[in-house]
file my_file.cif (mmCIF, C-alpha atoms)
data_coords
loop_
_atom_site.label_atom_id
_atom_site.label_comp_id
_atom_site.auth_asym_id
_atom_site.auth_seq_id
_atom_site.Cartn_x
_atom_site.Cartn_y
_atom_site.Cartn_z
CA MET S 30 43.07 -101.99 -32.22
CA THR S 31 44.04 -102.28 -35.86
CA TYR S 32 44.05 -99.74 -38.65
CA GLY S 33 43.97 -100.36 -42.26
CA GLY S 34 46.66 -98.93 -44.49
CA ASP S 35 50.37 -99.28 -44.88
CA ASP S 36 50.81 -100.89 -41.55
CA ARG S 37 49.58 -104.02 -43.17
CA GLY S 38 47.36 -104.92 -40.30
CA ARG S 39 50.01 -104.58 -37.64
CA PRO S 40 48.82 -103.21 -34.31
CA MET S 41 49.89 -99.63 -33.62
CA PRO S 42 50.72 -98.61 -30.09
CA PRO S 43 48.91 -95.58 -28.70
CA GLN S 44 50.88 -92.37 -29.02
CA ARG S 45 51.54 -90.25 -25.94
CA PRO S 46 52.45 -86.60 -25.76
CA PRO S 47 55.99 -85.62 -24.97
CA SER S 48 55.08 -84.78 -21.41
CA GLY S 49 54.04 -88.25 -20.80
CA ARG S 50 50.49 -87.30 -19.97
CA PRO S 51 47.61 -88.53 -21.99
CA ARG S 52 46.31 -86.01 -24.50
CA ARG S 53 42.97 -84.51 -23.73
CA HIS S 54 40.64 -84.30 -26.55
CA GLN S 55 38.99 -80.89 -27.03
CA PRO S 56 35.30 -81.23 -26.69
CA ALA S 57 33.47 -80.69 -29.87
CA GLN S 58 31.64 -77.43 -30.17
CA MET S 59 28.37 -77.52 -31.82
CA MET S 60 27.17 -74.74 -34.04
CA PRO S 61 24.22 -72.97 -32.58
CA LEU S 62 20.89 -73.49 -34.06
CA PRO S 63 19.27 -70.46 -35.66
CA GLY S 64 17.58 -68.28 -33.05
CA ARG S 65 19.16 -70.15 -30.10
CA GLY S 66 22.11 -67.84 -29.32
CA SER S 67 25.44 -66.64 -30.69
CA SER S 68 28.44 -68.64 -31.79
CA PRO S 69 31.99 -67.97 -30.65
CA TYR S 70 32.87 -67.77 -34.30
CA ASP S 71 30.48 -64.92 -34.91
CA GLU S 72 33.12 -62.37 -33.97
CA ARG S 73 35.73 -63.96 -36.22
CA THR S 74 33.75 -64.72 -39.29
CA ARG S 75 31.68 -62.63 -41.61
CA PRO S 76 29.08 -63.79 -44.05
CA MET S 77 30.48 -64.68 -47.43
CA GLY S 78 29.00 -63.57 -50.68
CA PRO S 79 28.12 -65.88 -53.48
CA ARG S 80 31.76 -65.88 -54.64
CA GLY S 81 33.32 -65.93 -51.19
CA ASP S 82 33.88 -62.16 -51.00
CA GLU S 83 33.23 -60.38 -47.71
CA ARG S 84 30.14 -58.22 -47.47
CA PRO S 85 30.54 -54.74 -45.99
CA ALA S 86 28.78 -54.25 -42.69
CA GLY S 87 25.53 -52.38 -43.13
CA PRO S 88 24.30 -49.36 -41.10
CA PRO S 89 22.66 -50.06 -37.76
CA PRO S 90 18.91 -50.39 -37.88
CA ARG S 91 17.04 -47.10 -37.50
CA ARG S 92 14.54 -46.55 -34.75
CA PRO S 93 11.06 -45.84 -35.86
CA GLY S 94 10.56 -42.06 -35.89
CA PRO S 95 7.59 -39.72 -36.18
CA PRO S 96 5.83 -39.21 -39.49
CA PRO S 97 7.48 -36.73 -41.88
CA GLY S 98 6.79 -33.10 -41.03
CA ARG S 99 6.18 -33.68 -37.33
CA PRO S 100 8.74 -32.86 -34.60
CA MET S 101 10.23 -35.57 -32.43
CA ASP S 102 8.56 -34.17 -29.29
CA ASP S 103 5.16 -34.97 -30.72
CA ALA S 104 6.03 -38.63 -30.67
CA ARG S 105 6.26 -38.50 -26.88
CA PRO S 106 3.15 -38.76 -24.75
CA PRO S 107 1.82 -35.28 -23.74
CA ARG S 108 2.66 -34.13 -20.26
CA ARG S 109 -0.11 -33.32 -17.86
CA ARG S 110 -0.43 -29.66 -16.97
CA LYS S 111 -0.18 -28.98 -13.28
CA ARG S 112 -3.37 -27.54 -11.90
CA TRP S 113 -3.15 -24.63 -9.44
CA GLY S 114 -4.58 -25.44 -6.09
CA PHE S 115 -6.52 -23.03 -3.93
CA GLY S 116 -3.50 -22.36 -1.71
CA LYS S 117 -1.29 -21.41 -4.64
CA VAL S 118 -3.92 -19.10 -6.10
CA LEU S 119 -4.40 -17.45 -2.70
CA LEU S 120 -0.64 -17.00 -2.26
CA THR S 121 -0.36 -15.42 -5.72
CA LEU S 122 -3.19 -12.98 -5.02
CA LEU S 123 -1.66 -12.09 -1.68
CA THR S 124 1.71 -11.45 -3.32
CA VAL S 125 0.12 -9.20 -5.95
CA PHE S 126 -1.73 -7.29 -3.23
CA VAL S 127 1.42 -6.78 -1.17
CA VAL S 128 3.34 -5.55 -4.22
CA PHE S 129 0.48 -3.16 -5.03
CA LEU S 130 0.48 -1.74 -1.50
CA ALA S 131 4.23 -1.31 -1.59
CA GLY S 132 3.96 0.55 -4.88
CA VAL S 133 1.24 2.85 -3.54
CA TRP S 134 3.25 3.45 -0.38
CA VAL S 135 6.37 4.47 -2.32
CA TYR S 136 4.32 6.63 -4.69
CA LEU S 137 2.71 8.58 -1.84
CA GLU S 138 5.95 8.85 0.12
CA PHE S 139 7.70 10.64 -2.73
CA SER S 140 4.71 12.57 -4.15
CA ILE S 141 3.20 14.37 -1.15
CA ASN S 142 4.16 18.02 -0.82
CA ARG S 143 6.62 18.82 1.97
CA VAL S 144 7.31 21.92 4.03
CA ASP S 145 9.65 22.61 6.93
CA ALA S 146 6.91 23.44 9.44
CA LEU S 147 8.34 22.17 12.74
CA ALA S 148 11.60 24.02 13.23
CA ASP S 149 13.42 23.96 16.56
CA TYR S 150 13.71 27.14 18.62
CA SER S 151 14.67 28.23 22.10
CA GLY S 152 11.97 27.58 24.70
CA ARG S 153 10.08 25.02 22.67
CA PRO S 154 7.83 22.74 24.78
CA VAL S 155 9.39 19.38 25.60
CA ALA S 156 7.85 16.19 24.28
CA ALA S 157 5.19 14.77 26.58
CA GLU S 158 2.94 11.70 26.44
CA GLY S 159 1.31 10.72 23.17
CA THR S 160 1.62 12.40 19.78
CA ASN S 161 0.22 15.73 18.58
CA TRP S 162 -0.74 16.69 15.04
CA LEU S 163 -1.36 20.23 13.83
CA ILE S 164 -4.04 20.02 11.12
CA VAL S 165 -4.58 23.12 9.00
CA GLY S 166 -7.23 23.91 6.42
CA SER S 167 -5.80 26.68 4.28
CA ASP S 168 -7.93 29.17 2.37
CA SER S 169 -5.20 29.51 -0.25
CA ARG S 170 -6.44 29.82 -3.84
CA ASP S 171 -3.10 28.70 -5.27
CA GLY S 172 -3.58 26.43 -8.28
CA LEU S 173 -7.26 27.29 -8.73
CA THR S 174 -8.43 28.80 -12.01
CA PRO S 175 -10.97 31.65 -11.95
CA GLU S 176 -13.60 29.14 -13.07
CA GLU S 177 -12.75 26.79 -10.18
CA GLN S 178 -12.82 29.67 -7.71
CA GLU S 179 -16.26 30.60 -8.95
CA LYS S 180 -17.45 27.00 -8.74
CA LEU S 181 -16.18 26.60 -5.18
CA VAL S 182 -17.36 30.11 -4.18
CA THR S 183 -14.01 30.87 -2.60
CA GLY S 184 -13.84 34.55 -3.50
CA SER S 185 -10.62 36.11 -4.71
CA GLY S 186 -7.34 36.11 -2.84
CA ASN S 187 -7.39 39.90 -2.61
CA GLU S 188 -10.81 39.90 -0.97
CA ALA S 189 -9.66 37.34 1.57
CA GLY S 190 -6.74 39.50 2.60
CA GLY S 191 -3.99 36.95 1.82
CA LYS S 192 -3.38 33.34 2.74
CA ARG S 193 -5.07 32.41 6.01
CA THR S 194 -6.48 29.36 7.73
CA ASP S 195 -10.14 28.49 7.99
CA THR S 196 -9.38 25.41 10.08
CA ILE S 197 -6.85 24.94 12.90
CA MET S 198 -7.00 21.69 14.87
CA VAL S 199 -4.79 19.70 17.20
CA ALA S 200 -5.24 15.93 17.00
CA HIS S 201 -3.86 14.14 20.06
CA VAL S 202 -3.11 10.42 19.70
CA PRO S 203 -2.44 8.93 23.17
CA ALA S 204 0.17 6.29 23.94
CA ASN S 205 -2.25 4.40 26.21
CA SER S 206 -5.89 3.33 26.18
CA THR S 207 -7.20 6.87 26.62
CA LYS S 208 -9.45 8.11 23.83
CA PRO S 209 -7.84 10.26 21.11
CA THR S 210 -8.83 13.92 21.07
CA LEU S 211 -9.61 16.27 18.19
CA LEU S 212 -9.34 19.84 19.44
CA SER S 213 -10.46 22.91 17.46
CA LEU S 214 -8.75 26.27 17.88
CA PRO S 215 -11.14 29.04 16.71
CA ARG S 216 -9.39 31.05 14.03
CA ASP S 217 -10.28 34.39 15.69
CA SER S 218 -8.65 33.42 19.02
CA GLN S 219 -6.46 36.21 20.35
CA VAL S 220 -3.02 34.77 21.13
CA ALA S 221 0.60 35.90 21.29
CA ILE S 222 2.35 35.55 17.94
CA PRO S 223 6.15 35.33 18.40
CA GLY S 224 7.73 38.56 17.18
CA HIS S 225 4.37 40.09 16.18
CA GLY S 226 2.51 40.82 19.40
CA LYS S 227 -1.04 39.66 20.09
CA ASN S 228 -3.36 38.96 17.19
CA LYS S 229 -5.82 36.44 15.75
CA ILE S 230 -4.26 33.02 15.62
CA ASN S 231 -4.90 32.55 11.91
CA SER S 232 -2.90 35.69 11.09
CA ALA S 233 0.23 33.80 12.17
CA PHE S 234 -0.19 31.66 9.07
CA ALA S 235 -0.56 34.72 6.86
CA ILE S 236 2.56 36.32 8.38
CA GLY S 237 4.98 33.40 8.64
CA GLY S 238 3.33 30.35 7.11
CA PRO S 239 3.27 26.90 8.72
CA THR S 240 6.45 27.46 10.76
CA LEU S 241 5.17 30.54 12.59
CA LEU S 242 1.71 29.01 13.03
CA ALA S 243 3.16 25.87 14.63
CA GLN S 244 5.31 27.95 16.97
CA THR S 245 2.27 30.08 17.88
CA VAL S 246 0.13 27.02 18.67
CA GLU S 247 2.89 25.49 20.80
CA GLY S 248 3.27 28.72 22.76
CA ALA S 249 -0.47 29.12 23.32
CA THR S 250 -1.21 25.52 24.32
CA GLY S 251 2.08 24.32 25.84
CA LEU S 252 1.81 21.21 23.63
CA ARG S 253 4.73 20.13 21.48
CA ILE S 254 3.60 19.57 17.88
CA ASP S 255 5.07 16.37 16.42
CA HIS S 256 3.45 16.28 12.96
CA TYR S 257 1.95 18.73 10.50
CA ALA S 258 -0.72 18.30 7.80
CA GLU S 259 -2.27 20.97 5.59
CA ILE S 260 -4.94 20.91 2.89
CA GLY S 261 -6.18 23.78 0.73
CA PHE S 262 -9.54 24.70 -0.78
CA GLY S 263 -9.01 23.00 -4.11
CA GLY S 264 -7.42 19.87 -2.66
CA PHE S 265 -10.22 19.43 -0.15
CA ALA S 266 -12.93 19.60 -2.81
CA LYS S 267 -11.04 17.25 -5.16
CA ILE S 268 -10.60 14.61 -2.46
CA VAL S 269 -14.32 14.71 -1.70
CA ASP S 270 -15.19 14.38 -5.39
CA ALA S 271 -12.65 11.57 -5.87
CA ILE S 272 -14.48 9.30 -3.43
CA GLY S 273 -17.89 10.20 -4.81
CA GLY S 274 -18.93 12.58 -2.05
CA VAL S 275 -19.30 12.31 1.72
CA HIS S 276 -22.55 11.21 3.32
CA MET S 277 -23.82 13.77 5.84
CA CYS S 278 -27.13 14.32 7.64
CA VAL S 279 -27.96 18.02 7.73
CA GLU S 280 -30.50 18.89 10.42
CA LYS S 281 -31.49 22.38 9.27
CA PRO S 282 -31.43 24.20 5.93
CA MET S 283 -28.13 26.01 5.55
CA GLU S 284 -27.69 29.19 3.52
CA ASP S 285 -24.60 31.36 3.88
CA THR S 286 -25.51 35.03 3.49
CA MET S 287 -21.90 35.85 2.55
CA THR S 288 -21.23 33.21 -0.12
CA GLY S 289 -24.79 32.29 -1.11
CA ILE S 290 -24.13 28.56 -0.68
CA LYS S 291 -27.30 26.56 0.06
CA ILE S 292 -27.52 23.07 1.54
CA GLU S 293 -30.91 21.41 1.91
CA PRO S 294 -31.75 19.50 5.11
CA GLY S 295 -31.68 15.72 5.16
CA CYS S 296 -29.18 12.90 4.69
CA GLN S 297 -27.26 13.29 1.43
CA ASP S 298 -23.88 12.95 -0.28
CA LEU S 299 -22.14 16.30 -0.24
CA GLN S 300 -19.94 16.87 -3.29
CA GLY S 301 -16.85 19.08 -3.41
CA PRO S 302 -18.42 22.59 -3.57
CA GLN S 303 -21.16 21.70 -1.06
CA ALA S 304 -18.69 20.05 1.31
CA LEU S 305 -16.44 23.11 1.22
CA GLY S 306 -19.42 25.34 1.90
CA PHE S 307 -20.49 23.13 4.82
CA VAL S 308 -17.13 23.33 6.64
CA ARG S 309 -16.74 27.07 6.01
CA MET S 310 -20.27 28.28 6.76
CA ARG S 311 -20.77 30.58 9.73
CA HIS S 312 -23.04 33.36 8.40
CA SER S 313 -26.25 31.36 8.50
CA ALA S 314 -29.31 30.84 10.65
CA ALA S 315 -28.10 27.25 11.04
CA THR S 316 -24.87 28.50 12.67
CA PRO S 317 -26.01 30.97 15.35
CA ARG S 318 -22.74 30.62 17.29
CA SER S 319 -20.76 31.63 14.21
CA ASP S 320 -17.24 30.23 14.45
CA LEU S 321 -18.10 27.81 17.27
CA ASP S 322 -20.74 26.15 15.07
CA ARG S 323 -18.40 26.16 12.11
CA VAL S 324 -15.60 24.29 13.93
CA ALA S 325 -18.17 21.79 15.27
CA ASN S 326 -19.32 21.11 11.68
CA GLN S 327 -15.70 20.76 10.59
CA ARG S 328 -15.11 18.00 13.14
CA LYS S 329 -18.29 16.21 12.07
CA PHE S 330 -17.27 16.34 8.44
CA ILE S 331 -13.71 15.14 9.11
CA GLY S 332 -15.12 12.16 10.99
CA ALA S 333 -17.39 11.28 8.06
CA LEU S 334 -14.59 11.86 5.55
CA VAL S 335 -12.12 9.58 7.37
CA SER S 336 -14.76 6.87 7.68
CA GLU S 337 -15.59 7.14 3.97
CA ILE S 338 -11.94 6.94 2.89
CA GLY S 339 -11.27 3.94 5.13
CA SER S 340 -14.39 2.03 4.07
CA PRO S 341 -14.22 -1.09 1.84
CA GLY S 342 -16.44 0.73 -0.65
CA THR S 343 -13.56 3.15 -1.29
CA LEU S 344 -10.48 0.97 -0.80
CA LEU S 345 -11.82 -1.95 -2.88
CA ASN S 346 -13.42 0.18 -5.60
CA PRO S 347 -10.87 1.13 -8.27
CA PHE S 348 -13.15 3.94 -9.50
CA SER S 349 -12.75 5.60 -6.08
CA LEU S 350 -9.32 4.41 -4.98
CA PHE S 351 -7.30 5.45 -8.04
CA PRO S 352 -8.78 8.98 -8.28
CA LEU S 353 -8.10 9.37 -4.55
CA LEU S 354 -4.48 8.23 -4.93
CA SER S 355 -3.93 10.59 -7.85
CA THR S 356 -5.49 13.55 -6.01
CA ALA S 357 -4.11 13.17 -2.49
CA PRO S 358 -0.41 13.99 -3.15
CA ASP S 359 -1.20 17.39 -4.69
CA ALA S 360 -3.90 18.18 -2.13
CA LEU S 361 -1.87 17.40 0.98
CA THR S 362 1.19 19.07 2.51
CA MET S 363 3.17 17.50 5.33
CA ASP S 364 6.26 18.35 7.37
CA THR S 365 9.60 17.23 5.97
CA GLY S 366 10.02 14.78 8.85
CA ASP S 367 6.63 13.12 8.38
CA HIS S 368 5.99 9.91 6.47
CA VAL S 369 3.04 7.96 5.10
CA HIS S 370 2.96 5.60 8.09
CA ASN S 371 2.48 8.63 10.38
CA LEU S 372 -0.52 9.70 8.31
CA VAL S 373 -1.96 6.18 8.41
CA GLY S 374 -1.64 6.16 12.19
CA LEU S 375 -3.55 9.44 12.40
CA ALA S 376 -6.32 8.15 10.15
CA LEU S 377 -6.70 4.97 12.22
CA ALA S 378 -6.88 7.00 15.44
CA MET S 379 -9.53 9.37 14.05
CA ARG S 380 -11.85 6.65 12.71
CA GLY S 381 -13.97 6.77 15.85
CA ILE S 382 -15.07 10.40 15.54
CA SER S 383 -18.51 9.52 14.21
CA SER S 384 -19.05 6.70 16.72
CA GLY S 385 -17.91 8.56 19.83
CA GLY S 386 -14.54 6.83 20.06
CA VAL S 387 -12.77 10.20 19.82
CA VAL S 388 -13.20 13.18 22.15
CA THR S 389 -14.12 16.20 20.01
CA THR S 390 -14.06 19.65 21.57
CA THR S 391 -13.16 23.30 21.15
CA VAL S 392 -10.78 25.20 23.37
CA PRO S 393 -12.95 26.60 26.21
CA VAL S 394 -13.74 30.27 25.51
CA THR S 395 -15.23 33.09 27.57
CA ASN S 396 -17.96 34.14 25.13
CA GLY S 397 -19.58 33.40 21.80
CA SER S 398 -17.11 35.47 19.80
CA ALA S 399 -14.49 32.78 20.57
CA GLU S 400 -11.76 35.39 20.79
CA ASN S 401 -10.59 34.76 24.36
CA TRP S 402 -9.87 31.41 25.97
CA ASP S 403 -10.99 30.44 29.45
CA LYS S 404 -7.57 30.18 31.12
CA THR S 405 -8.59 27.82 33.94
CA LYS S 406 -10.49 25.33 31.79
CA SER S 407 -7.97 25.57 28.99
CA LYS S 408 -5.16 24.63 31.37
CA LEU S 409 -7.08 21.58 32.58
CA LEU S 410 -7.61 20.53 28.97
CA PHE S 411 -3.99 20.97 27.92
CA ASP S 412 -2.69 19.21 31.05
CA ALA S 413 -4.88 16.21 30.30
CA LEU S 414 -3.43 15.99 26.79
CA LYS S 415 0.13 16.34 28.04
CA ASN S 416 -0.29 13.51 30.54
CA ASP S 417 -2.47 11.20 28.41
CA THR S 418 -5.31 11.34 30.93
CA GLU S 419 -9.04 11.57 30.35
CA VAL S 420 -10.28 15.02 29.33
CA PRO S 421 -12.66 16.28 32.06
CA ASP S 422 -16.27 16.64 30.94
CA SER S 423 -16.37 20.12 32.47
CA VAL S 424 -13.95 21.47 29.83
CA ILE S 425 -15.51 19.87 26.76
CA LEU S 426 -17.14 22.42 24.46
CA SER S 427 -19.05 20.82 21.61
#

call {"tool": "encode", "arguments": {"input": "my_file.cif", "output": "structure tokens"}}
result
Amino acid sequence: MTYGGDDRGRPMPPQRPPSGRPRRHQPAQMMPLPGRGSSPYDERTRPMGPRGDERPAGPPPRRPGPPPGRPMDDARPPRRRKRWGFGKVLLTLLTVFVVFLAGVWVYLEFSINRVDALADYSGRPVAAEGTNWLIVGSDSRDGLTPEEQEKLVTGSGNEAGGKRTDTIMVAHVPANSTKPTLLSLPRDSQVAIPGHGKNKINSAFAIGGPTLLAQTVEGATGLRIDHYAEIGFGGFAKIVDAIGGVHMCVEKPMEDTMTGIKIEPGCQDLQGPQALGFVRMRHSAATPRSDLDRVANQRKFIGALVSEIGSPGTLLNPFSLFPLLSTAPDALTMDTGDHVHNLVGLALAMRGISSGGVVTTTVPVTNGSAENWDKTKSKLLFDALKNDTEVPDSVILS
């Protein structure tokens, strides 16, 4: 191999590296074509200006944004709203209903009037089978204006001779499958009143209030009273009006010669004043047995009242339910140891009065005046209640 130049055509020997190894030629690197990739010199070189000066690096390219005046979120696709299924709607309604019931429960628990009616004393009857309620309808005019007294035909407190009871009942709720019993105690019954000799049973309430009345009833019947409930004239009428009246079928025309209250025969909705007159009436041709007919009418009305309150037409109708809830706490008085769930249990047990699911009777008496009890039959009746056994037909007085 010959080279032109100063060697004058003389052959030049190949040069070797100092190590003695042949030199490797670095492969030629080709510049990338536009659009075909990056060059290793891209990181080391920068574009030159027209005069060879370096150009400053420009800002990174901006992403396309939303039009001016519109937020960034609008540029995103709208999210689909989750639709509520039937199960979720049902669960929500159930939750609202449970919260409503809890609120009503708490409201009643802390709003109902309380009285210490069931005090302990020496010789008190021991607890037996089932549960016994003492239910009292007071003729108290407390809280009634003169106009309300005139509307309800209650008479004045002075004329009535003080606070007494027009209604005294024992409701027995058995602990087995035996029918519940609603027992009336005629208010003129002559019984022993602790510390006050023998007198009409309703005078115990006038002398010593609920506590003495409960003790008197326990001594006369031998039954231990577990719960106490009391309602007055005004409260009774307001509860009836709150639910829009109570449907009753009156067989004969009723006109009380003492109060002047008149009730026409036939099926009708008795409003507050009429309902109060119906459960109090005994001086009428329609009540020839006087107090015995009156207590029988009271049991009939209580059965219709409980059925009306527990009906869907009342519980699901806000125009009946809310007036009832606002009226009941002021109308009702319970013992300090009683609670709303006790009252609910009583109402459930008494629902069958109208349909015959509850035994309704009066304490057996010796005559129509209802002053003296038949001792033999009365004992059979009270023993049946103590032992949760069927009440014998021979002692039932309707």

call {"tool": "resolve_selection", "arguments": {"input": "my_file.cif", "expression": "the PyMOL selection byres ((chain S and resi 229) around 6)", "output": "mmCIF file with C-alpha atoms, keeping the file's coordinate frame"}}
result
data_model
loop_
_atom_site.group_PDB
_atom_site.id
_atom_site.type_symbol
_atom_site.label_atom_id
_atom_site.label_comp_id
_atom_site.auth_asym_id
_atom_site.auth_seq_id
_atom_site.Cartn_x
_atom_site.Cartn_y
_atom_site.Cartn_z
ATOM 1 C CA ASP S 217 -10.280 34.390 15.690
ATOM 2 C CA SER S 218 -8.650 33.420 19.020
ATOM 3 C CA GLN S 219 -6.460 36.210 20.350
ATOM 4 C CA ASN S 228 -3.360 38.960 17.190
ATOM 5 C CA ILE S 230 -4.260 33.020 15.620
ATOM 6 C CA ASN S 231 -4.900 32.550 11.910
ATOM 7 C CA SER S 232 -2.900 35.690 11.090
#

call {"tool": "residues_around", "arguments": {"input": "my_file.cif", "residues": "stretch 287-292 of chain S", "least_positions_apart": "4", "cutoff": "10 Å", "atoms": "only C-alpha atoms", "output": "list in words"}}
result
Leu181, Val182, Thr183, Gly184, Val279, Lys281, Pro282, Met283, Gln297, Leu299, Pro302, Gln303, Ala304, Leu305, Gly306, Phe307, Arg309, Met310, Arg311, His312 and Ser313 of chain S

call {"tool": "resolve_selection", "arguments": {"input": "my_file.cif", "expression": "the PyMOL selection byres ((chain S and resi 369-385) around 8)", "output": "NGL selection string"}}
result
:S and (134 or 137-138 or 202 or 209 or 328-329 or 332-333 or 335-336 or 367-368 or 386-389)

call {"tool": "residues_near_point", "arguments": {"input": "my_file.cif", "point": "(8.5, 29.0, 12.4)", "cutoff": "10 Å", "atoms": "all atoms listed in the file", "output": "ChimeraX atom specification"}}
result
/S:145-150,223,233-234,237-245

call {"tool": "atom_distance", "arguments": {"input": "my_file.cif", "atom1": "atom CA of S:Ile197", "atom2": "atom CA of S:Val135"}}
result
28.7 Å
